[in-house]
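Quick notes on the structure that follows.
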Amino acid sequence: MSKGCKCPICGYEFWACKSIFQEGFGMPDMGSGSCPKCKTFHNLTVDEENERMIVTPWEKHMKNKESDPR
Ligand SMILES: [Zn+2]
């Protein structure tokens with residue numbers, strides 16, 4: 001199943017398949033990938049409710065993690 005992603009940096013829309021997700025993370029609903037256009041490295045999270053992907057630039061994602069440790 002593929003889902004639409006929209007790069008928050010350049011606005012480019014692309015598709016991500018769940019197969020690109022790295023299950024080694026232990027988080028099958030999360031993955032990472034680069035925007036084909038601006039090459040920004042993103043964290044990708046499946047938003048099952050809205051059938052889309054949440055695309056967060058990796059740096060921002062890591063900052064969010066620091067401020068919200070679980
Ligand atoms: Zn982009």
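Starting from 1 in every chain, residues are counted up; chains themselves are A, B, ... following the order of the structure tokens, and ligands are numbered from 1 as listed.
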>> as a PyMOL selection string, please: every protein or nucleic acid residue near ligand 1 (cut-off 6 Å, counting only C-alpha atoms and all ligand atoms).
In response: chain A and resi 7+9-10+12+35+37-38+40
With only C-alpha atoms as the counted atoms, please give the residues lying no more than 10 Å from Lys6 in chain A, apart from itself and same-chain residues fewer than 2 positions off, as a PDB file with N, CA and C atoms, in the first residue's frame.
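Full text of result.pdb as output:
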ATOM      1  N   LYS A   3       1.188   5.519   0.172  1.00  0.00           N
ATOM      2  CA  LYS A   3       0.476   6.671   0.694  1.00  0.00           C
ATOM      3  C   LYS A   3       1.130   7.940   0.201  1.00  0.00           C
ATOM      4  N   GLY A   4       0.323   8.955   0.091  1.00  0.00           N
ATOM      5  CA  GLY A   4       0.855  10.221  -0.367  1.00  0.00           C
ATOM      6  C   GLY A   4       1.640  10.932   0.714  1.00  0.00           C
ATOM      7  N   PRO A   8       7.289  19.038   3.455  1.00  0.00           N
ATOM      8  CA  PRO A   8       6.979  20.344   4.051  1.00  0.00           C
ATOM      9  C   PRO A   8       8.004  21.412   3.695  1.00  0.00           C
ATOM     10  N   ILE A   9       9.112  20.992   3.134  1.00  0.00           N
ATOM     11  CA  ILE A   9      10.159  21.962   2.798  1.00  0.00           C
ATOM     12  C   ILE A   9       9.876  22.603   1.442  1.00  0.00           C
ATOM     13  N   CYS A  10       9.663  21.762   0.420  1.00  0.00           N
ATOM     14  CA  CYS A  10       9.514  22.314  -0.928  1.00  0.00           C
ATOM     15  C   CYS A  10       8.116  22.086  -1.500  1.00  0.00           C
ATOM     16  N   GLY A  11       7.271  21.339  -0.780  1.00  0.00           N
ATOM     17  CA  GLY A  11       5.910  21.144  -1.240  1.00  0.00           C
ATOM     18  C   GLY A  11       5.746  20.048  -2.274  1.00  0.00           C
ATOM     19  N   TYR A  12       6.817  19.349  -2.578  1.00  0.00           N
ATOM     20  CA  TYR A  12       6.762  18.273  -3.571  1.00  0.00           C
ATOM     21  C   TYR A  12       5.973  17.088  -3.013  1.00  0.00           C
ATOM     22  N   GLU A  13       5.096  16.515  -3.850  1.00  0.00           N
ATOM     23  CA  GLU A  13       4.313  15.370  -3.402  1.00  0.00           C
ATOM     24  C   GLU A  13       4.889  14.096  -3.977  1.00  0.00           C
ATOM     25  N   PHE A  14       5.039  13.105  -3.135  1.00  0.00           N
ATOM     26  CA  PHE A  14       5.576  11.833  -3.582  1.00  0.00           C
ATOM     27  C   PHE A  14       4.870  10.707  -2.840  1.00  0.00           C
ATOM     28  N   TRP A  15       5.147   9.497  -3.272  1.00  0.00           N
ATOM     29  CA  TRP A  15       4.493   8.335  -2.692  1.00  0.00           C
ATOM     30  C   TRP A  15       5.491   7.504  -1.906  1.00  0.00           C
ATOM     31  N   CYS A  35      13.221  13.368   0.328  1.00  0.00           N
ATOM     32  CA  CYS A  35      12.393  13.985  -0.699  1.00  0.00           C
ATOM     33  C   CYS A  35      13.118  13.881  -2.029  1.00  0.00           C
ATOM     34  N   ARG A  52      -2.745   8.928   5.159  1.00  0.00           N
ATOM     35  CA  ARG A  52      -1.676   9.693   4.542  1.00  0.00           C
ATOM     36  C   ARG A  52      -0.430   9.565   5.402  1.00  0.00           C
ATOM     37  N   MET A  53       0.605  10.237   4.991  1.00  0.00           N
ATOM     38  CA  MET A  53       1.847  10.197   5.733  1.00  0.00           C
ATOM     39  C   MET A  53       2.090  11.536   6.398  1.00  0.00           C
ATOM     40  N   ILE A  54       2.636  11.448   7.606  1.00  0.00           N
ATOM     41  CA  ILE A  54       3.104  12.669   8.252  1.00  0.00           C
ATOM     42  C   ILE A  54       4.601  12.765   7.950  1.00  0.00           C
ATOM     43  N   VAL A  55       4.959  13.826   7.287  1.00  0.00           N
ATOM     44  CA  VAL A  55       6.353  13.995   6.869  1.00  0.00           C
ATOM     45  C   VAL A  55       6.992  15.074   7.735  1.00  0.00           C
ATOM     46  N   THR A  56       8.024  14.692   8.449  1.00  0.00           N
ATOM     47  CA  THR A  56       8.704  15.640   9.333  1.00  0.00           C
ATOM     48  C   THR A  56      10.192  15.640   9.007  1.00  0.00           C
TER      49      THR A  56
END
>> Just want the 7 Å neighbourhood of range 57-59 of chain A, counted on only C-alpha atoms, with same-chain residues fewer than 3 positions away dropped. Output as a PyMOL selection string.
In response: chain A and resi 40-43+62-63
Would you mind exporting the chosen residues as an mmCIF file, in the first residue's frame, restricted to N, CA and C atoms?
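Output file part-v1.cif follows:
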data_model
loop_
_atom_site.group_PDB
_atom_site.id
_atom_site.type_symbol
_atom_site.label_atom_id
_atom_site.label_comp_id
_atom_site.auth_asym_id
_atom_site.auth_seq_id
_atom_site.Cartn_x
_atom_site.Cartn_y
_atom_site.Cartn_z
ATOM 1 N N THR A 40 15.821 16.590 1.169
ATOM 2 C CA THR A 40 15.758 16.678 2.626
ATOM 3 C C THR A 40 15.401 15.309 3.190
ATOM 4 N N PHE A 41 16.103 14.917 4.224
ATOM 5 C CA PHE A 41 15.849 13.620 4.840
ATOM 6 C C PHE A 41 14.732 13.761 5.856
ATOM 7 N N HIS A 42 13.698 12.933 5.686
ATOM 8 C CA HIS A 42 12.512 13.065 6.513
ATOM 9 C C HIS A 42 12.233 11.826 7.334
ATOM 10 N N ASN A 43 11.603 12.065 8.448
ATOM 11 C CA ASN A 43 10.964 10.981 9.190
ATOM 12 C C ASN A 43 9.553 10.856 8.653
ATOM 13 N N MET A 62 13.966 14.967 15.510
ATOM 14 C CA MET A 62 14.864 14.683 16.612
ATOM 15 C C MET A 62 14.698 15.710 17.726
ATOM 16 N N LYS A 63 14.460 16.956 17.336
ATOM 17 C CA LYS A 63 14.237 18.007 18.346
ATOM 18 C C LYS A 63 12.955 17.732 19.120
#
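Between CA of Leu44 in chain A and CA of Ser32 in chain A there is a distance of 5.1 Å.
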